[in-house]
Structures are given as C-alpha cells and as structure tokens.
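Printed here is structure-v4.csv (CSV, C-alpha atoms and all ligand atoms):
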chain,number,residue,atom,x,y,z
A,11,MET,CA,26.7,7.5,-13.0
A,12,HIS,CA,27.0,10.7,-11.0
A,13,LEU,CA,26.9,13.7,-13.3
A,14,ASP,CA,26.4,17.1,-11.9
A,15,ASP,CA,23.8,17.9,-14.6
A,16,ALA,CA,22.1,14.6,-14.3
A,17,PRO,CA,18.3,14.9,-14.3
A,18,ALA,CA,16.4,14.4,-11.1
A,19,PRO,CA,16.0,10.7,-10.4
A,20,ALA,CA,12.9,9.1,-11.9
A,21,CYS,CA,10.4,6.9,-10.2
A,22,THR,CA,11.5,3.3,-10.4
A,23,ILE,CA,8.0,2.2,-11.4
A,24,CYS,CA,6.7,4.8,-13.8
A,25,PRO,CA,8.9,7.0,-15.9
A,26,ARG,CA,7.9,10.2,-14.1
A,27,GLN,CA,10.7,12.4,-12.7
A,28,LEU,CA,10.6,12.7,-9.0
A,29,LEU,CA,9.5,16.2,-7.8
A,30,GLY,CA,11.2,18.3,-5.2
A,31,HIS,CA,9.0,17.1,-2.3
A,32,GLU,CA,9.7,13.5,-3.4
A,33,ALA,CA,13.4,13.8,-3.1
A,34,GLY,CA,15.0,10.8,-1.6
A,35,ARG,CA,12.3,8.4,-2.6
A,36,PHE,CA,12.5,5.5,-5.0
A,37,ILE,CA,8.9,5.9,-6.3
A,38,CYS,CA,6.6,8.8,-6.9
A,39,THR,CA,3.6,9.5,-4.7
A,40,PRO,CA,0.9,8.4,-7.3
A,41,CYS,CA,2.7,5.1,-7.6
A,42,GLU,CA,2.7,4.7,-3.8
A,43,HIS,CA,-1.1,5.4,-3.8
A,44,ARG,CA,-1.7,2.8,-6.5
A,45,ILE,CA,0.2,0.2,-4.6
A,46,ASP,CA,-1.7,1.1,-1.4
A,47,GLN,CA,-5.0,0.8,-3.2
A,48,ASP,CA,-4.1,-2.7,-4.6
A,49,LEU,CA,-3.1,-3.8,-1.1
A,50,ARG,CA,-6.3,-2.5,0.4
A,51,LYS,CA,-8.4,-4.2,-2.2
A,52,LEU,CA,-6.9,-7.6,-1.3
A,53,ALA,CA,-7.6,-7.6,2.4
A,54,GLY,CA,-10.6,-7.7,4.8
A,55,PRO,CA,-13.9,-9.6,4.9
A,56,ALA,CA,-15.1,-7.9,1.7
A,57,GLY,CA,-11.7,-7.9,0.0
A,58,LEU,CA,-10.7,-9.8,-3.1
A,59,TYR,CA,-9.0,-12.6,-1.2
A,60,ALA,CA,-12.2,-13.3,0.9
A,61,ARG,CA,-14.3,-13.1,-2.2
A,62,LEU,CA,-12.1,-15.6,-4.0
A,63,CYS,CA,-12.3,-18.0,-1.1
A,64,LEU,CA,-16.1,-17.9,-1.2
A,65,ARG,CA,-15.9,-19.2,-4.8
A,66,ILE,CA,-14.0,-22.4,-3.9
A,67,GLN,CA,-16.4,-25.3,-4.3
A,68,PRO,CA,-14.5,-28.4,-3.4
A,69,GLY,CA,-15.4,-31.7,-5.1
A,70,ARG,CA,-16.6,-30.2,-8.4
A,71,GLY,CA,-14.7,-31.0,-11.5
A,72,GLY,CA,-14.9,-30.7,-15.2
A,73,ASP,CA,-15.4,-27.8,-17.5
A,74,GLY,CA,-19.1,-28.2,-18.3
A,75,PRO,CA,-21.7,-25.8,-16.9
A,76,VAL,CA,-22.8,-26.9,-13.5
A,77,VAL,CA,-25.9,-25.4,-11.8
A,78,THR,CA,-26.5,-25.5,-8.0
A,79,ARG,CA,-30.0,-25.8,-6.8
A,80,SER,CA,-29.4,-23.6,-3.8
A,81,THR,CA,-28.3,-20.4,-5.6
A,82,GLY,CA,-29.1,-21.0,-9.2
A,83,HIS,CA,-25.7,-19.6,-10.1
A,84,PRO,CA,-23.1,-21.3,-12.1
A,85,MET,CA,-20.5,-23.1,-10.0
A,86,PRO,CA,-17.0,-22.2,-10.9
A,87,CYS,CA,-14.4,-24.9,-11.1
A,88,ASN,CA,-11.3,-22.9,-11.3
A,89,GLU,CA,-7.9,-24.2,-10.4
A,90,GLN,CA,-6.7,-20.7,-10.6
A,91,ILE,CA,-8.8,-19.7,-7.7
A,92,LEU,CA,-7.3,-22.6,-5.6
A,93,SER,CA,-3.8,-21.7,-6.5
A,94,LEU,CA,-4.4,-18.0,-5.6
A,95,THR,CA,-6.1,-18.7,-2.3
A,96,ALA,CA,-4.1,-21.6,-1.0
A,97,ASN,CA,-0.9,-21.4,1.0
A,98,GLY,CA,1.7,-20.5,-1.6
A,99,GLY,CA,-0.7,-18.1,-3.5
A,100,ILE,CA,-1.5,-14.5,-2.6
A,101,VAL,CA,-0.8,-15.1,1.1
A,102,SER,CA,2.8,-16.2,0.4
A,103,THR,CA,3.4,-13.4,-2.1
A,104,LEU,CA,2.4,-11.0,0.7
A,105,GLU,CA,4.3,-12.7,3.5
A,106,THR,CA,7.5,-13.1,1.4
A,107,TRP,CA,7.5,-9.3,1.0
A,108,VAL,CA,6.8,-8.8,4.7
A,109,GLU,CA,9.8,-10.9,5.4
A,110,ASP,CA,11.9,-9.1,2.9
A,111,TRP,CA,10.8,-5.7,4.2
A,112,SER,CA,11.5,-6.7,7.8
A,113,SER,CA,15.2,-7.0,6.8
A,114,TYR,CA,15.1,-3.3,5.9
A,115,GLY,CA,13.5,-2.5,9.3
A,116,LEU,CA,10.1,-2.1,7.7
A,117,GLY,CA,7.7,-4.0,9.9
A,118,VAL,CA,7.8,-7.4,11.5
A,119,HIS,CA,6.4,-10.9,10.8
A,120,GLY,CA,2.8,-11.7,11.4
A,121,THR,CA,1.8,-14.2,14.1
A,122,GLY,CA,0.3,-16.8,11.7
A,123,GLY,CA,-3.2,-18.2,12.0
A,124,ARG,CA,-5.9,-18.7,9.4
A,125,LEU,CA,-5.1,-17.8,5.8
A,126,GLN,CA,-7.5,-14.8,5.8
A,127,HIS,CA,-6.0,-13.5,9.0
A,128,ARG,CA,-2.5,-13.9,7.6
A,129,VAL,CA,-3.5,-12.0,4.4
A,130,ASP,CA,-5.0,-9.2,6.5
A,131,GLN,CA,-2.0,-9.0,8.8
A,132,ALA,CA,0.5,-8.9,5.9
A,133,VAL,CA,-1.5,-6.3,4.1
A,134,ASP,CA,-1.7,-4.2,7.3
A,135,THR,CA,2.0,-4.4,7.9
A,136,LEU,CA,2.9,-3.6,4.3
A,137,ARG,CA,0.5,-0.6,4.2
A,138,ARG,CA,1.7,0.8,7.4
A,139,ASN,CA,5.3,0.7,6.2
A,140,LEU,CA,4.7,1.6,2.5
A,141,THR,CA,5.6,5.3,2.8
A,142,ARG,CA,8.9,4.5,4.6
A,143,ALA,CA,9.6,1.7,2.1
A,144,ALA,CA,9.2,4.3,-0.7
A,145,HIS,CA,12.3,6.0,0.8
A,146,ARG,CA,14.2,2.9,1.7
A,147,HIS,CA,13.4,-0.1,-0.4
A,148,PRO,CA,15.1,-0.4,-3.8
A,149,ALA,CA,12.9,-3.2,-5.2
A,150,LEU,CA,9.5,-1.5,-5.0
A,151,ASP,CA,9.0,-1.9,-8.7
A,152,GLU,CA,9.1,-5.7,-8.3
A,153,PHE,CA,6.8,-5.4,-5.3
A,154,ALA,CA,4.3,-3.3,-7.2
A,155,ARG,CA,4.3,-5.7,-10.1
A,156,GLU,CA,3.6,-8.7,-8.0
A,157,ILE,CA,0.9,-7.1,-5.9
A,158,GLY,CA,-0.7,-5.6,-9.0
A,159,GLN,CA,-0.7,-8.9,-10.7
A,160,ALA,CA,-2.3,-10.7,-7.7
A,161,THR,CA,-5.0,-7.9,-7.6
A,162,ARG,CA,-5.7,-8.0,-11.3
A,163,GLN,CA,-5.9,-11.8,-11.4
A,164,ALA,CA,-8.4,-11.8,-8.5
A,165,GLU,CA,-10.4,-9.0,-10.0
A,166,ALA,CA,-10.6,-10.7,-13.4
A,167,ILE,CA,-11.9,-14.0,-11.9
A,168,ILE,CA,-14.5,-12.2,-9.8
A,169,LYS,CA,-15.6,-10.0,-12.6
A,170,GLY,CA,-15.6,-12.8,-15.2
A,171,GLU,CA,-17.8,-15.0,-13.1
A,172,ARG,CA,-20.3,-12.3,-12.4
A,173,ALA,CA,-21.2,-12.3,-16.1
A,174,PRO,CA,-23.9,-14.8,-16.8
A,175,ARG,CA,-22.7,-17.9,-18.6
A,176,ARG,CA,-24.3,-18.8,-21.8
A,177,VAL,CA,-25.2,-22.4,-22.8
A,178,ALA,CA,-26.8,-23.8,-25.9
A,179,VAL,CA,-29.8,-26.0,-25.2
A,180,GLN,CA,-31.7,-28.2,-27.6
A,181,CYS,CA,-35.5,-28.4,-27.7
A,182,PRO,CA,-37.0,-31.8,-28.5
A,183,CYS,CA,-38.0,-30.2,-31.8
A,184,GLY,CA,-34.3,-30.0,-32.7
A,185,ASN,CA,-34.0,-26.2,-32.5
A,186,VAL,CA,-31.0,-24.9,-30.5
A,187,SER,CA,-31.3,-21.9,-28.3
A,188,THR,CA,-28.6,-20.0,-26.4
A,189,VAL,CA,-29.7,-19.1,-22.9
A,190,THR,CA,-27.9,-17.7,-19.9
A,191,LEU,CA,-27.8,-19.7,-16.7
A,192,ASP,CA,-29.9,-17.0,-15.0
A,193,THR,CA,-32.5,-17.0,-17.8
A,194,ASP,CA,-36.1,-16.3,-16.9
A,195,GLY,CA,-37.1,-18.6,-19.7
A,196,PHE,CA,-37.4,-18.4,-23.4
A,197,GLU,CA,-39.7,-19.4,-26.3
A,198,CYS,CA,-38.3,-21.9,-28.8
A,199,ARG,CA,-38.1,-20.4,-32.2
A,200,GLY,CA,-38.7,-23.8,-33.8
A,201,CYS,CA,-41.9,-25.0,-32.2
A,202,GLU,CA,-42.9,-21.9,-30.1
A,203,ARG,CA,-43.0,-23.9,-26.9
A,204,GLU,CA,-42.3,-21.7,-23.9
A,205,TYR,CA,-39.8,-22.8,-21.3
A,206,GLY,CA,-39.4,-21.4,-17.7
A,207,HIS,CA,-36.0,-21.1,-15.9
A,208,SER,CA,-35.7,-24.6,-14.6
A,209,GLU,CA,-37.3,-26.2,-17.6
A,210,ALA,CA,-34.8,-24.4,-19.9
A,211,LEU,CA,-31.9,-25.6,-17.9
A,212,ARG,CA,-33.1,-29.2,-17.8
A,213,LEU,CA,-33.0,-29.3,-21.7
A,214,PRO,CA,-30.1,-31.3,-23.1
A,215,LEU,CA,-27.0,-29.2,-23.9
A,216,ALA,CA,-26.5,-28.8,-27.6
A,217,ASP,CA,-23.1,-29.3,-29.3
A,218,ARG,CA,-21.5,-25.9,-29.0
A,219,ARG,CA,-20.4,-26.0,-32.7
A,220,ALA,CA,-24.1,-26.4,-33.7
A,221,ALA,CA,-25.2,-23.4,-31.6
B,1,ZN,ZN,5.8,6.5,-10.3
B,2,ZN,ZN,-38.8,-26.4,-30.1
Spell out the structure here as structure tokens.
Amino acid sequence: MHLDDAPAPACTICPRQLLGHEAGRFICTPCEHRIDQDLRKLAGPAGLYARLCLRIQPGRGGDGPVVTRSTGHPMPCNEQILSLTANGGIVSTLETWVEDWSSYGLGVHGTGGRLQHRVDQAVDTLRRNLTRAAHRHPALDEFAREIGQATRQAEAIIKGERAPRRVAVQCPCGNVSTVTLDTDGFECRGCEREYGHSEALRLPLADRRAA
C-alpha cells in the first residue's frame, strides 16, 4: 500500500514508528542495539558460547546428581548444551546469517577453523555490518529472533546451573534432609548427628517423593 497519508514506517521488530533520523531503515536504533548486545554476549573467551563449551563433560550420562571430586560442583549432563555448541548449533545459526547477509553485500564468509573461532568470526562480521543491514536487510526480525533465542537459551543454562542443586539424603536413623551440593554440612533433625560436606554427600539419596 502506498498512501500519501500513510504513517511513517514502523520498525519490523518492535511496533515503534521509525523517527526522522531512522528514515530508510527496517529497524529502529534501540532494536539494533539489542541485537548488537546479544551478538556481543555470544562471542569471545568469556562469552556465552565459550562458557557453554566449558560445561560439556563427555562420558557422563543419566539424570541423577553427579559430584566431581575435583571441583565439588555438580556435573551437568545436558544434551541441550551439546546441541547448542556442536556444529549445527549456535555456530551454524550465525554462519547461515553471514552467508545470507553476504548475498546483500554485507560482509564475507569466515575462513573456518575451530568452532570458537568460527563463532567469533561470524559475530564480528555480523556486528560490523549490522548498521548497514538495518538499512538493507528485510528479514532482520527473523535474524533478531534467532540470535535472541540462542542468547537466551545459553543464558538460561548458565544461570540455571549456577544455582546450587538440592538433593534429599537419608540419615541411617531414617530422617531425610534436603541439602545443596555445595553444603557445608548439616545436623540431622532425627538423631542430631552432624555431617560435614563430604559425609553429607556420601549419604544415600532418599526417594524424592519422601523428601
Ligand atoms: Zn524496534
Ligand atoms: Zn539421623
């Protein structure tokens, strides 16, 4: 529709009307900043991708709580982490967009290499071309959705696993206590026996329904 009194075009991501200085863009400046922040969070040695990779512990299975001796922290066994960090996960989401953008003259392919390097390279290319893409690429809403989703999934995993896990352990007296995996110890309410950290975690796990 091309009406003379049509409102100024709106951002294709949020409902905001584009302002005068945003004329000719597909998305508003705040949306561009949000995308840029998501991209920046994913990359680099301290970025979400790198932090997810640190959590991969091959060879561990099952859903039960597992404690490592080296760190004392719970070992995540999360297929979601694997699917996000492997080829086909976040790296492919990013590279698919790099490829797509390159057909609009927005950046070129990366040179390959390790997965982390490919993530960093793709993020770098996308960030450098983001402002031009805001003027040129009609599918930035889809791009923003996919990048935002990857960022939020990674953040949820990292945040969720930082919270101490709780397990129900059973004292020989029969009393069940709920402790965190980083507990300093506890006193059994049944027999008043005191347990230290490693003693507490050596107690048999109680049936969760009884806890
Ligand atoms: Zn917007
Ligand atoms: Zn007890």
May I have the residues within 10 Å of A:Ala53 as a ChimeraX atom specification, using all atoms listed in the file and disregarding those fewer than 4 positions away in the same chain?
/A:48-49,57-61,126-134
Within 12 Å of (-1.0, 3.1, -3.2), all atoms listed in the file: residues as an NGL selection string?
:A and (37-51 or 133 or 136-141 or 143-144 or 150 or 153-154 or 157-158)
Write as a list in words the residues around ligand ZN 2 (chain B), taking 10 Å as the cut-off and counting all atoms listed in the file.
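Those residues are Gln180, Cys181, Pro182, Cys183, Gly184, Asn185, Val186, Ser187, Glu197, Cys198, Arg199, Gly200, Cys201, Glu202, Arg203, Glu204 and Tyr205 of chain A.
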Export of the given selection (C-alpha atoms) as a compact mmCIF listing (two decimals), keeping the file's coordinate frame:
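Ended up saving to again12.txt:
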# COMPACT_ATOMS: atom_id res chain seq x y z
CA GLN A 180 -31.70 -28.20 -27.60
CA CYS A 181 -35.50 -28.40 -27.70
CA PRO A 182 -37.00 -31.80 -28.50
CA CYS A 183 -38.00 -30.20 -31.80
CA GLY A 184 -34.30 -30.00 -32.70
CA ASN A 185 -34.00 -26.20 -32.50
CA VAL A 186 -31.00 -24.90 -30.50
CA SER A 187 -31.30 -21.90 -28.30
CA GLU A 197 -39.70 -19.40 -26.30
CA CYS A 198 -38.30 -21.90 -28.80
CA ARG A 199 -38.10 -20.40 -32.20
CA GLY A 200 -38.70 -23.80 -33.80
CA CYS A 201 -41.90 -25.00 -32.20
CA GLU A 202 -42.90 -21.90 -30.10
CA ARG A 203 -43.00 -23.90 -26.90
CA GLU A 204 -42.30 -21.70 -23.90
CA TYR A 205 -39.80 -22.80 -21.30
For ligand ZN 1 (chain B), the nearest of the candidates A:Ile66, A:Asp192, A:Asp151, A:Ser113, counting only C-alpha atoms and all ligand atoms
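When distances to ligand ZN 1 (chain B) are compared using only C-alpha atoms and all ligand atoms, the smallest one comes from A:Asp151.
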Just how far from atom CA of A:Arg155 is atom CA of A:Ser112, in Å to one decimal?
19.3 Å
By how many Å are atom CA of A:Thr193 and atom CA of A:His207 apart?
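Result for atom CA of A:Thr193 versus atom CA of A:His207: 5.7 Å, one decimal.
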Of A:Gly170, A:Pro25, A:Gly30, A:Gly195, the one nearest to ligand ZN 1 (chain B) when counting all atoms listed in the file is A:Pro25
Using only C-alpha atoms, pick whichever of A:Ala210, A:His119, A:Leu62, A:Trp107 has the shortest atom-to-atom distance to A:Glu89.
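The closest residue to A:Glu89 is A:Leu62.
Here atom CA of A:Gly206 is placed at a distance of 13.0 Å from atom CA of A:Val179.
Among the candidate residues A:Arg175, A:Arg212, A:Arg65, A:Arg35, the one lying nearest to ligand ZN 1 (chain B) is A:Arg35, with distances computed using all atoms listed in the file.
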Using only C-alpha atoms, pick whichever of A:Val108, A:Cys24, A:Ala33, A:Leu125 has the shortest atom-to-atom distance to A:His145.
A:Ala33
Atoms added to stretch 125-144 of chain A (N, CA and C atoms), reported as a PDB file, in the frame of the given file:
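The new file rebuild10.pdb reads:
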ATOM      1  N   LEU A 125      -5.564 -18.464   7.019  1.00  0.00           N
ATOM      2  CA  LEU A 125      -5.100 -17.800   5.800  1.00  0.00           C
ATOM      3  C   LEU A 125      -5.588 -16.383   5.693  1.00  0.00           C
ATOM      4  N   GLN A 126      -6.892 -16.197   5.897  1.00  0.00           N
ATOM      5  CA  GLN A 126      -7.500 -14.800   5.800  1.00  0.00           C
ATOM      6  C   GLN A 126      -6.813 -13.897   6.782  1.00  0.00           C
ATOM      7  N   HIS A 127      -6.590 -14.379   7.988  1.00  0.00           N
ATOM      8  CA  HIS A 127      -6.000 -13.500   9.000  1.00  0.00           C
ATOM      9  C   HIS A 127      -4.537 -13.185   8.590  1.00  0.00           C
ATOM     10  N   ARG A 128      -3.823 -14.167   8.010  1.00  0.00           N
ATOM     11  CA  ARG A 128      -2.500 -13.900   7.600  1.00  0.00           C
ATOM     12  C   ARG A 128      -2.420 -12.888   6.442  1.00  0.00           C
ATOM     13  N   VAL A 129      -3.395 -12.990   5.522  1.00  0.00           N
ATOM     14  CA  VAL A 129      -3.500 -12.000   4.400  1.00  0.00           C
ATOM     15  C   VAL A 129      -3.709 -10.611   5.023  1.00  0.00           C
ATOM     16  N   ASP A 130      -4.686 -10.500   5.934  1.00  0.00           N
ATOM     17  CA  ASP A 130      -5.000  -9.200   6.500  1.00  0.00           C
ATOM     18  C   ASP A 130      -3.834  -8.614   7.280  1.00  0.00           C
ATOM     19  N   GLN A 131      -3.159  -9.484   8.022  1.00  0.00           N
ATOM     20  CA  GLN A 131      -2.000  -9.000   8.800  1.00  0.00           C
ATOM     21  C   GLN A 131      -0.880  -8.534   7.910  1.00  0.00           C
ATOM     22  N   ALA A 132      -0.596  -9.303   6.859  1.00  0.00           N
ATOM     23  CA  ALA A 132       0.500  -8.900   5.900  1.00  0.00           C
ATOM     24  C   ALA A 132       0.166  -7.625   5.239  1.00  0.00           C
ATOM     25  N   VAL A 133      -1.073  -7.495   4.767  1.00  0.00           N
ATOM     26  CA  VAL A 133      -1.500  -6.300   4.100  1.00  0.00           C
ATOM     27  C   VAL A 133      -1.360  -5.082   5.032  1.00  0.00           C
ATOM     28  N   ASP A 134      -1.798  -5.281   6.264  1.00  0.00           N
ATOM     29  CA  ASP A 134      -1.700  -4.200   7.300  1.00  0.00           C
ATOM     30  C   ASP A 134      -0.284  -3.765   7.481  1.00  0.00           C
ATOM     31  N   THR A 135       0.601  -4.736   7.638  1.00  0.00           N
ATOM     32  CA  THR A 135       2.000  -4.400   7.900  1.00  0.00           C
ATOM     33  C   THR A 135       2.608  -3.676   6.661  1.00  0.00           C
ATOM     34  N   LEU A 136       2.318  -4.176   5.469  1.00  0.00           N
ATOM     35  CA  LEU A 136       2.900  -3.600   4.300  1.00  0.00           C
ATOM     36  C   LEU A 136       2.329  -2.136   4.080  1.00  0.00           C
ATOM     37  N   ARG A 137       1.035  -1.958   4.321  1.00  0.00           N
ATOM     38  CA  ARG A 137       0.500  -0.600   4.200  1.00  0.00           C
ATOM     39  C   ARG A 137       1.039   0.362   5.161  1.00  0.00           C
ATOM     40  N   ARG A 138       1.198  -0.083   6.395  1.00  0.00           N
ATOM     41  CA  ARG A 138       1.700   0.800   7.400  1.00  0.00           C
ATOM     42  C   ARG A 138       3.154   1.252   7.125  1.00  0.00           C
ATOM     43  N   ASN A 139       3.896   0.390   6.418  1.00  0.00           N
ATOM     44  CA  ASN A 139       5.300   0.700   6.200  1.00  0.00           C
ATOM     45  C   ASN A 139       5.585   1.181   4.760  1.00  0.00           C
ATOM     46  N   LEU A 140       4.518   1.324   3.963  1.00  0.00           N
ATOM     47  CA  LEU A 140       4.700   1.600   2.500  1.00  0.00           C
ATOM     48  C   LEU A 140       5.423   2.965   2.318  1.00  0.00           C
ATOM     49  N   THR A 141       5.034   3.995   3.044  1.00  0.00           N
ATOM     50  CA  THR A 141       5.600   5.300   2.800  1.00  0.00           C
ATOM     51  C   THR A 141       7.127   5.279   3.189  1.00  0.00           C
ATOM     52  N   ARG A 142       7.461   4.596   4.271  1.00  0.00           N
ATOM     53  CA  ARG A 142       8.900   4.500   4.600  1.00  0.00           C
ATOM     54  C   ARG A 142       9.628   3.627   3.607  1.00  0.00           C
ATOM     55  N   ALA A 143       8.939   2.576   3.099  1.00  0.00           N
ATOM     56  CA  ALA A 143       9.600   1.700   2.100  1.00  0.00           C
ATOM     57  C   ALA A 143       9.858   2.548   0.821  1.00  0.00           C
ATOM     58  N   ALA A 144       8.993   3.512   0.519  1.00  0.00           N
ATOM     59  CA  ALA A 144       9.200   4.300  -0.700  1.00  0.00           C
ATOM     60  C   ALA A 144      10.522   5.095  -0.593  1.00  0.00           C
TER      61      ALA A 144
END
